[in-house]
>>> print(open('start21.txt').read())   # compact mmCIF, N, CA and C atoms
# COMPACT_ATOMS: atom_id res chain seq x y z
N MET U 1 0.86 -1.18 0.00
CA MET U 1 0.00 0.00 0.00
C MET U 1 0.90 1.24 0.00
N SER U 2 0.62 2.16 -0.90
CA SER U 2 1.43 3.38 -0.99
C SER U 2 1.05 4.33 0.15
N LYS U 3 1.94 5.30 0.37
CA LYS U 3 1.69 6.29 1.42
C LYS U 3 0.41 7.07 1.15
N ASN U 4 0.15 7.45 -0.12
CA ASN U 4 -1.06 8.20 -0.47
C ASN U 4 -2.32 7.39 -0.21
N GLU U 5 -2.28 6.10 -0.52
CA GLU U 5 -3.44 5.24 -0.27
C GLU U 5 -3.73 5.14 1.23
N LYS U 6 -2.65 5.05 2.02
CA LYS U 6 -2.82 4.96 3.47
C LYS U 6 -3.44 6.25 4.02
N VAL U 7 -2.98 7.41 3.55
CA VAL U 7 -3.52 8.69 4.00
C VAL U 7 -4.99 8.79 3.64
N LYS U 8 -5.35 8.37 2.41
CA LYS U 8 -6.75 8.43 1.99
C LYS U 8 -7.62 7.54 2.87
N GLU U 9 -7.10 6.38 3.26
CA GLU U 9 -7.86 5.48 4.12
C GLU U 9 -8.11 6.08 5.49
N GLU U 10 -7.11 6.78 6.02
CA GLU U 10 -7.20 7.31 7.37
C GLU U 10 -7.91 8.65 7.46
N GLU U 11 -8.16 9.30 6.33
CA GLU U 11 -8.77 10.62 6.33
C GLU U 11 -10.21 10.54 6.82
N GLU U 12 -10.52 11.40 7.79
CA GLU U 12 -11.87 11.45 8.33
C GLU U 12 -12.81 12.04 7.28
N VAL U 13 -13.99 11.48 7.18
CA VAL U 13 -15.00 11.99 6.27
C VAL U 13 -16.00 12.79 7.10
N PHE U 14 -16.13 14.07 6.75
CA PHE U 14 -17.02 14.96 7.49
C PHE U 14 -18.36 15.07 6.79
N THR U 15 -19.38 15.36 7.59
CA THR U 15 -20.72 15.55 7.03
C THR U 15 -21.29 16.87 7.55
N SER U 16 -22.24 17.38 6.82
CA SER U 16 -22.92 18.61 7.21
C SER U 16 -24.14 18.22 8.04
N PRO U 17 -24.51 18.99 9.04
CA PRO U 17 -23.97 20.27 9.46
C PRO U 17 -22.69 20.10 10.28
N VAL U 18 -21.92 21.20 10.36
CA VAL U 18 -20.68 21.24 11.13
C VAL U 18 -20.93 22.12 12.36
N LYS U 19 -20.58 21.59 13.52
CA LYS U 19 -20.78 22.34 14.77
C LYS U 19 -19.59 23.26 14.99
N ILE U 20 -19.89 24.56 15.16
CA ILE U 20 -18.87 25.59 15.41
C ILE U 20 -19.38 26.47 16.54
N GLY U 21 -18.63 26.53 17.60
CA GLY U 21 -19.01 27.39 18.72
C GLY U 21 -20.38 27.08 19.28
N GLY U 22 -20.75 25.81 19.33
CA GLY U 22 -22.02 25.42 19.91
C GLY U 22 -23.22 25.51 18.97
N LYS U 23 -23.01 25.93 17.73
CA LYS U 23 -24.10 26.04 16.76
C LYS U 23 -23.76 25.20 15.54
N GLU U 24 -24.78 24.63 14.91
CA GLU U 24 -24.56 23.83 13.70
C GLU U 24 -24.79 24.68 12.46
N TYR U 25 -23.86 24.54 11.50
CA TYR U 25 -23.94 25.28 10.24
C TYR U 25 -23.97 24.29 9.07
N ILE U 26 -24.86 24.56 8.12
CA ILE U 26 -24.95 23.76 6.91
C ILE U 26 -23.75 24.11 6.03
N ILE U 27 -23.10 23.09 5.50
CA ILE U 27 -21.97 23.27 4.60
C ILE U 27 -22.25 22.45 3.35
N LYS U 28 -22.10 23.09 2.19
CA LYS U 28 -22.28 22.42 0.90
C LYS U 28 -21.16 22.89 -0.03
N PRO U 29 -20.95 22.17 -1.13
CA PRO U 29 -19.90 22.59 -2.07
C PRO U 29 -20.15 23.97 -2.65
N LEU U 30 -19.06 24.70 -2.85
CA LEU U 30 -19.13 26.00 -3.50
C LEU U 30 -19.20 25.82 -5.01
N SER U 31 -19.64 26.87 -5.68
CA SER U 31 -19.65 26.86 -7.15
C SER U 31 -18.29 27.34 -7.65
N MET U 32 -18.03 27.16 -8.92
CA MET U 32 -16.78 27.65 -9.50
C MET U 32 -16.73 29.18 -9.46
N LEU U 33 -17.88 29.83 -9.53
CA LEU U 33 -17.91 31.29 -9.41
C LEU U 33 -17.46 31.71 -8.01
N ASP U 34 -17.88 30.97 -7.00
CA ASP U 34 -17.43 31.26 -5.64
C ASP U 34 -15.91 31.14 -5.54
N ILE U 35 -15.35 30.10 -6.15
CA ILE U 35 -13.90 29.90 -6.13
C ILE U 35 -13.20 31.06 -6.83
N LYS U 36 -13.77 31.48 -7.95
CA LYS U 36 -13.20 32.62 -8.70
C LYS U 36 -13.17 33.88 -7.83
N LYS U 37 -14.27 34.13 -7.14
CA LYS U 37 -14.35 35.32 -6.27
C LYS U 37 -13.33 35.23 -5.13
N LEU U 38 -13.15 34.05 -4.56
CA LEU U 38 -12.16 33.87 -3.50
C LEU U 38 -10.75 34.12 -4.04
N ASN U 39 -10.48 33.63 -5.24
CA ASN U 39 -9.16 33.83 -5.86
C ASN U 39 -8.90 35.30 -6.15
N ILE U 40 -9.92 36.03 -6.57
CA ILE U 40 -9.78 37.48 -6.82
C ILE U 40 -9.40 38.18 -5.52
N GLU U 41 -10.06 37.82 -4.42
CA GLU U 41 -9.74 38.41 -3.12
C GLU U 41 -8.32 38.06 -2.68
N LYS U 42 -7.92 36.81 -2.92
CA LYS U 42 -6.58 36.39 -2.50
C LYS U 42 -5.50 37.15 -3.26
N LYS U 43 -5.73 37.43 -4.54
CA LYS U 43 -4.74 38.15 -5.34
C LYS U 43 -4.54 39.59 -4.87
N LYS U 44 -5.48 40.11 -4.11
CA LYS U 44 -5.35 41.47 -3.57
C LYS U 44 -4.38 41.53 -2.39
N LEU U 45 -4.08 40.37 -1.81
CA LEU U 45 -3.22 40.33 -0.63
C LEU U 45 -1.75 40.43 -1.01
N LYS U 46 -0.98 41.07 -0.14
CA LYS U 46 0.47 41.12 -0.29
C LYS U 46 1.03 39.94 0.50
N LYS U 47 1.93 39.18 -0.11
CA LYS U 47 2.47 37.99 0.55
C LYS U 47 3.10 38.30 1.91
N GLU U 48 3.69 39.48 2.03
CA GLU U 48 4.36 39.82 3.29
C GLU U 48 3.40 40.26 4.39
N ASP U 49 2.14 40.46 4.08
CA ASP U 49 1.15 40.88 5.07
C ASP U 49 0.57 39.63 5.75
N GLU U 50 1.26 39.19 6.79
CA GLU U 50 0.90 37.94 7.46
C GLU U 50 -0.49 37.98 8.09
N ILE U 51 -0.86 39.10 8.66
CA ILE U 51 -2.19 39.20 9.30
C ILE U 51 -3.29 39.10 8.25
N ALA U 52 -3.13 39.79 7.13
CA ALA U 52 -4.15 39.72 6.07
C ALA U 52 -4.25 38.31 5.52
N ASN U 53 -3.13 37.61 5.37
CA ASN U 53 -3.16 36.24 4.88
C ASN U 53 -3.79 35.30 5.90
N TYR U 54 -3.52 35.54 7.17
CA TYR U 54 -4.15 34.77 8.24
C TYR U 54 -5.67 34.97 8.20
N ASP U 55 -6.09 36.24 8.11
CA ASP U 55 -7.52 36.55 8.05
C ASP U 55 -8.17 35.96 6.80
N TYR U 56 -7.42 35.89 5.69
CA TYR U 56 -7.98 35.33 4.46
C TYR U 56 -8.40 33.87 4.66
N SER U 57 -7.65 33.13 5.44
CA SER U 57 -8.04 31.74 5.72
C SER U 57 -9.42 31.69 6.37
N PHE U 58 -9.62 32.58 7.34
CA PHE U 58 -10.93 32.63 8.00
C PHE U 58 -12.00 33.20 7.07
N TYR U 59 -11.61 34.17 6.25
CA TYR U 59 -12.54 34.74 5.26
C TYR U 59 -13.07 33.64 4.34
N THR U 60 -12.18 32.76 3.91
CA THR U 60 -12.57 31.66 3.04
C THR U 60 -13.58 30.74 3.73
N LEU U 61 -13.28 30.35 4.95
CA LEU U 61 -14.18 29.46 5.70
C LEU U 61 -15.51 30.15 5.97
N LEU U 62 -15.45 31.43 6.34
CA LEU U 62 -16.67 32.17 6.63
C LEU U 62 -17.52 32.37 5.37
N THR U 63 -16.88 32.50 4.23
CA THR U 63 -17.61 32.63 2.96
C THR U 63 -18.50 31.41 2.73
N VAL U 64 -17.97 30.24 3.02
CA VAL U 64 -18.75 29.00 2.88
C VAL U 64 -19.94 29.02 3.83
N ILE U 65 -19.70 29.38 5.06
CA ILE U 65 -20.78 29.40 6.06
C ILE U 65 -21.86 30.39 5.67
N LYS U 66 -21.45 31.59 5.26
CA LYS U 66 -22.42 32.63 4.92
C LYS U 66 -23.27 32.23 3.70
N LYS U 67 -22.68 31.50 2.76
CA LYS U 67 -23.43 31.13 1.55
C LYS U 67 -24.63 30.24 1.89
N TRP U 68 -24.46 29.33 2.83
CA TRP U 68 -25.50 28.34 3.11
C TRP U 68 -26.27 28.61 4.39
N ASN U 69 -25.91 29.65 5.12
CA ASN U 69 -26.55 29.94 6.40
C ASN U 69 -26.88 31.42 6.48
N PRO U 70 -28.05 31.83 5.98
CA PRO U 70 -28.41 33.25 5.93
C PRO U 70 -28.33 33.95 7.28
N GLU U 71 -28.56 33.22 8.35
CA GLU U 71 -28.51 33.82 9.69
C GLU U 71 -27.08 34.22 10.07
N ALA U 72 -26.08 33.78 9.30
CA ALA U 72 -24.68 34.10 9.57
C ALA U 72 -24.16 35.27 8.75
N LYS U 73 -25.04 35.89 7.97
CA LYS U 73 -24.58 36.92 7.01
C LYS U 73 -23.91 38.12 7.66
N ASP U 74 -24.20 38.40 8.91
CA ASP U 74 -23.62 39.57 9.58
C ASP U 74 -22.41 39.23 10.46
N ILE U 75 -21.98 37.97 10.47
CA ILE U 75 -20.82 37.59 11.27
C ILE U 75 -19.56 38.18 10.63
N THR U 76 -18.75 38.84 11.44
CA THR U 76 -17.49 39.39 10.95
C THR U 76 -16.39 38.33 11.09
N ILE U 77 -15.26 38.58 10.47
CA ILE U 77 -14.14 37.65 10.59
C ILE U 77 -13.71 37.54 12.06
N ASP U 78 -13.64 38.68 12.74
CA ASP U 78 -13.25 38.64 14.16
C ASP U 78 -14.24 37.82 14.99
N GLN U 79 -15.53 37.98 14.74
CA GLN U 79 -16.54 37.20 15.46
C GLN U 79 -16.40 35.71 15.15
N PHE U 80 -16.14 35.40 13.88
CA PHE U 80 -15.97 34.01 13.47
C PHE U 80 -14.74 33.40 14.16
N GLU U 81 -13.64 34.15 14.19
CA GLU U 81 -12.44 33.67 14.87
C GLU U 81 -12.72 33.40 16.35
N GLU U 82 -13.54 34.24 16.95
CA GLU U 82 -13.89 34.09 18.36
C GLU U 82 -14.74 32.83 18.61
N LEU U 83 -15.50 32.40 17.62
CA LEU U 83 -16.35 31.21 17.76
C LEU U 83 -15.55 29.91 17.85
N ILE U 84 -14.34 29.93 17.27
CA ILE U 84 -13.56 28.69 17.15
C ILE U 84 -12.46 28.63 18.20
N ASN U 85 -12.51 27.60 19.01
CA ASN U 85 -11.46 27.37 20.00
C ASN U 85 -10.23 26.81 19.29
N VAL U 86 -9.06 27.13 19.81
CA VAL U 86 -7.81 26.68 19.21
C VAL U 86 -7.79 25.15 19.05
N ASP U 87 -8.24 24.44 20.08
CA ASP U 87 -8.20 22.98 20.01
C ASP U 87 -9.22 22.39 19.05
N ASP U 88 -10.14 23.18 18.56
CA ASP U 88 -11.16 22.70 17.63
C ASP U 88 -10.95 23.22 16.20
N PHE U 89 -9.98 24.12 16.03
CA PHE U 89 -9.79 24.75 14.73
C PHE U 89 -9.47 23.75 13.62
N GLU U 90 -8.59 22.81 13.88
CA GLU U 90 -8.20 21.85 12.84
C GLU U 90 -9.41 21.07 12.32
N ARG U 91 -10.29 20.64 13.23
CA ARG U 91 -11.49 19.88 12.83
C ARG U 91 -12.43 20.77 12.01
N VAL U 92 -12.66 21.99 12.48
CA VAL U 92 -13.57 22.91 11.78
C VAL U 92 -13.04 23.21 10.39
N GLN U 93 -11.76 23.54 10.30
CA GLN U 93 -11.16 23.85 9.01
C GLN U 93 -11.23 22.64 8.06
N ALA U 94 -10.84 21.47 8.55
CA ALA U 94 -10.84 20.27 7.72
C ALA U 94 -12.25 19.94 7.23
N ALA U 95 -13.24 20.08 8.10
CA ALA U 95 -14.62 19.77 7.73
C ALA U 95 -15.12 20.72 6.64
N ILE U 96 -14.93 22.02 6.83
CA ILE U 96 -15.42 22.98 5.85
C ILE U 96 -14.70 22.82 4.51
N VAL U 97 -13.38 22.67 4.57
CA VAL U 97 -12.60 22.52 3.33
C VAL U 97 -13.04 21.27 2.57
N GLN U 98 -13.22 20.18 3.28
CA GLN U 98 -13.61 18.92 2.63
C GLN U 98 -15.02 18.99 2.05
N ILE U 99 -15.98 19.39 2.84
CA ILE U 99 -17.38 19.38 2.41
C ILE U 99 -17.62 20.41 1.30
N ALA U 100 -16.99 21.57 1.41
CA ALA U 100 -17.21 22.64 0.43
C ALA U 100 -16.46 22.40 -0.88
N GLY U 101 -15.62 21.37 -0.92
CA GLY U 101 -14.89 21.07 -2.15
C GLY U 101 -13.69 21.97 -2.36
N LEU U 102 -13.15 22.52 -1.29
CA LEU U 102 -12.05 23.46 -1.38
C LEU U 102 -10.68 22.81 -1.31
N LYS U 103 -10.63 21.51 -1.18
CA LYS U 103 -9.36 20.85 -0.96
C LYS U 103 -8.32 21.16 -2.03
N LYS U 104 -8.75 21.27 -3.28
CA LYS U 104 -7.82 21.58 -4.37
C LYS U 104 -7.38 23.04 -4.33
N TYR U 105 -8.18 23.89 -3.70
CA TYR U 105 -7.96 25.33 -3.76
C TYR U 105 -7.46 25.93 -2.47
N PHE U 106 -7.43 25.16 -1.41
CA PHE U 106 -7.14 25.69 -0.08
C PHE U 106 -6.23 24.72 0.63
N ARG U 107 -5.06 25.18 1.02
CA ARG U 107 -4.14 24.34 1.76
C ARG U 107 -4.06 24.85 3.19
N PRO U 108 -4.50 24.04 4.16
CA PRO U 108 -4.43 24.49 5.55
C PRO U 108 -3.03 24.96 5.91
N GLY U 109 -2.96 26.09 6.57
CA GLY U 109 -1.68 26.63 6.99
C GLY U 109 -0.95 27.41 5.92
N ASP U 110 -1.47 27.44 4.70
CA ASP U 110 -0.83 28.17 3.60
C ASP U 110 -1.20 29.63 3.69
N SER U 111 -0.19 30.46 3.92
CA SER U 111 -0.45 31.89 4.02
C SER U 111 -0.12 32.60 2.73
N GLY U 112 0.04 31.84 1.66
CA GLY U 112 0.32 32.45 0.37
C GLY U 112 1.80 32.68 0.12
N LYS U 113 2.66 32.19 0.99
CA LYS U 113 4.10 32.39 0.83
C LYS U 113 4.70 31.26 0.04
>>> encode(input="start21.txt", output="structure tokens")
Amino acid sequence: MSKNEKVKEEEEVFTSPVKIGGKEYIIKPLSMLDIKKLNIEKKKLKKEDEIANYDYSFYTLLTVIKKWNPEAKDITIDQFEELINVDDFERVQAAIVQIAGLKKYFRPGDSGK
């Protein structure tokens, strides 16, 4: 068995809804237009601006939540960051990235450098 096959076997499969900060949010795949809009926003960032790149990761995740959860439309990036505990961030990020179909377009921990 190759290393890639082993990783695929061990990868957790997430389902919607995803619980974040005590509330459940519906997550569904994004459209290609959504991906295009996210890429346009990412191109506006300067690679050396670490805070903006950090916030972009949350912006991406929040974009998915806002698309499928109208009650979340007024959540700011700061409020969203506050909802996620450090020890739960990896699970939340992995779930949203996987379910929304962002795996090809979003690398956890990638700040654009």
>>> atom_distance(input="start21.txt", atom1="atom C of Val13 (chain U)", atom2="atom N of Ile65 (chain U)")
17.1 Å
>>> closest_residue(input="start21.txt", among="U:Pro29, U:Ala52, U:Pro17, U:Asp87", to="Lys103 (chain U)", atoms="only C-alpha atoms")
U:Pro29
>>> atom_distance(input="start21.txt", atom1="CA of Tyr59 (chain U)", atom2="atom N of Glu12 (chain U)")
23.6 Å
>>> atom_distance(input="start21.txt", atom1="CA of Asn69 (chain U)", atom2="CA of Lys36 (chain U)")
20.3 Å
>>> select_by_dssp(input="start21.txt", residues="region 45-99 of chain U", states="alpha helix (DSSP H)", output="count of residues only")
40
>>> closest_residue(input="start21.txt", among="U:Leu102, U:Lys42, U:Ala95, U:Glu50", to="Ser16 (chain U)", atoms="only N, CA and C atoms")
U:Ala95
>>> closest_residue(input="start21.txt", among="U:Ile40, U:Val18, U:Ile75, U:Ile99", to="Leu62 (chain U)", atoms="only C-alpha atoms")
U:Ile75
>>> closest_residue(input="start21.txt", among="U:Lys43, U:Ser57, U:Ile26, U:Ile51", to="Phe89 (chain U)", atoms="only C-alpha atoms")
U:Ser57
>>> closest_residue(input="start21.txt", among="U:Leu38, U:Ile27, U:Leu33, U:Ile77", to="Ile96 (chain U)", atoms="only N, CA and C atoms")
U:Ile27
>>> axis_aligned_box(input="start21.txt", around="region 39-48 of chain U", padding_each_side="4 Å", output="AutoDock Vina command-line options")
--center_x -3.1 --center_y 37.6 --center_z -1.2 --size_x 22.8 --size_y 15.9 --size_z 19.2
>>> decode(input="start21.txt", residues="region 29-80 of chain U", atoms="C-alpha atoms", output="PDB file, in the first residue's frame")
ATOM      1  CA  PRO U  29     -19.902  22.589  -2.070  1.00  0.00           C
ATOM      2  CA  LEU U  30     -19.131  25.997  -3.500  1.00  0.00           C
ATOM      3  CA  SER U  31     -19.653  26.864  -7.150  1.00  0.00           C
ATOM      4  CA  MET U  32     -16.780  27.650  -9.503  1.00  0.00           C
ATOM      5  CA  LEU U  33     -17.914  31.290  -9.406  1.00  0.00           C
ATOM      6  CA  ASP U  34     -17.432  31.257  -5.637  1.00  0.00           C
ATOM      7  CA  ILE U  35     -13.897  29.897  -6.130  1.00  0.00           C
ATOM      8  CA  LYS U  36     -13.200  32.619  -8.701  1.00  0.00           C
ATOM      9  CA  LYS U  37     -14.351  35.320  -6.270  1.00  0.00           C
ATOM     10  CA  LEU U  38     -12.158  33.872  -3.502  1.00  0.00           C
ATOM     11  CA  ASN U  39      -9.160  33.833  -5.857  1.00  0.00           C
ATOM     12  CA  ILE U  40      -9.782  37.478  -6.816  1.00  0.00           C
ATOM     13  CA  GLU U  41      -9.741  38.413  -3.122  1.00  0.00           C
ATOM     14  CA  LYS U  42      -6.578  36.387  -2.503  1.00  0.00           C
ATOM     15  CA  LYS U  43      -4.743  38.152  -5.343  1.00  0.00           C
ATOM     16  CA  LYS U  44      -5.349  41.470  -3.572  1.00  0.00           C
ATOM     17  CA  LEU U  45      -3.217  40.326  -0.634  1.00  0.00           C
ATOM     18  CA  LYS U  46       0.467  41.117  -0.294  1.00  0.00           C
ATOM     19  CA  LYS U  47       2.471  37.994   0.555  1.00  0.00           C
ATOM     20  CA  GLU U  48       4.365  39.820   3.290  1.00  0.00           C
ATOM     21  CA  ASP U  49       1.146  40.880   5.071  1.00  0.00           C
ATOM     22  CA  GLU U  50       0.901  37.941   7.460  1.00  0.00           C
ATOM     23  CA  ILE U  51      -2.187  39.203   9.297  1.00  0.00           C
ATOM     24  CA  ALA U  52      -4.146  39.720   6.066  1.00  0.00           C
ATOM     25  CA  ASN U  53      -3.155  36.243   4.879  1.00  0.00           C
ATOM     26  CA  TYR U  54      -4.151  34.769   8.244  1.00  0.00           C
ATOM     27  CA  ASP U  55      -7.518  36.546   8.055  1.00  0.00           C
ATOM     28  CA  TYR U  56      -7.978  35.329   4.459  1.00  0.00           C
ATOM     29  CA  SER U  57      -8.036  31.738   5.717  1.00  0.00           C
ATOM     30  CA  PHE U  58     -10.928  32.633   8.004  1.00  0.00           C
ATOM     31  CA  TYR U  59     -12.539  34.745   5.260  1.00  0.00           C
ATOM     32  CA  THR U  60     -12.575  31.658   3.038  1.00  0.00           C
ATOM     33  CA  LEU U  61     -14.179  29.462   5.698  1.00  0.00           C
ATOM     34  CA  LEU U  62     -16.675  32.167   6.628  1.00  0.00           C
ATOM     35  CA  THR U  63     -17.614  32.633   2.957  1.00  0.00           C
ATOM     36  CA  VAL U  64     -18.752  28.999   2.876  1.00  0.00           C
ATOM     37  CA  ILE U  65     -20.779  29.395   6.059  1.00  0.00           C
ATOM     38  CA  LYS U  66     -22.423  32.628   4.916  1.00  0.00           C
ATOM     39  CA  LYS U  67     -23.425  31.134   1.552  1.00  0.00           C
ATOM     40  CA  TRP U  68     -25.503  28.343   3.108  1.00  0.00           C
ATOM     41  CA  ASN U  69     -26.547  29.944   6.401  1.00  0.00           C
ATOM     42  CA  PRO U  70     -28.407  33.246   5.928  1.00  0.00           C
ATOM     43  CA  GLU U  71     -28.511  33.819   9.689  1.00  0.00           C
ATOM     44  CA  ALA U  72     -24.682  34.101   9.574  1.00  0.00           C
ATOM     45  CA  LYS U  73     -24.583  36.918   7.008  1.00  0.00           C
ATOM     46  CA  ASP U  74     -23.622  39.565   9.582  1.00  0.00           C
ATOM     47  CA  ILE U  75     -20.820  37.590  11.266  1.00  0.00           C
ATOM     48  CA  THR U  76     -17.489  39.391  10.950  1.00  0.00           C
ATOM     49  CA  ILE U  77     -14.135  37.648  10.589  1.00  0.00           C
ATOM     50  CA  ASP U  78     -13.255  38.643  14.160  1.00  0.00           C
ATOM     51  CA  GLN U  79     -16.542  37.204  15.464  1.00  0.00           C
ATOM     52  CA  PHE U  80     -15.967  34.008  13.473  1.00  0.00           C
TER      53      PHE U  80
END
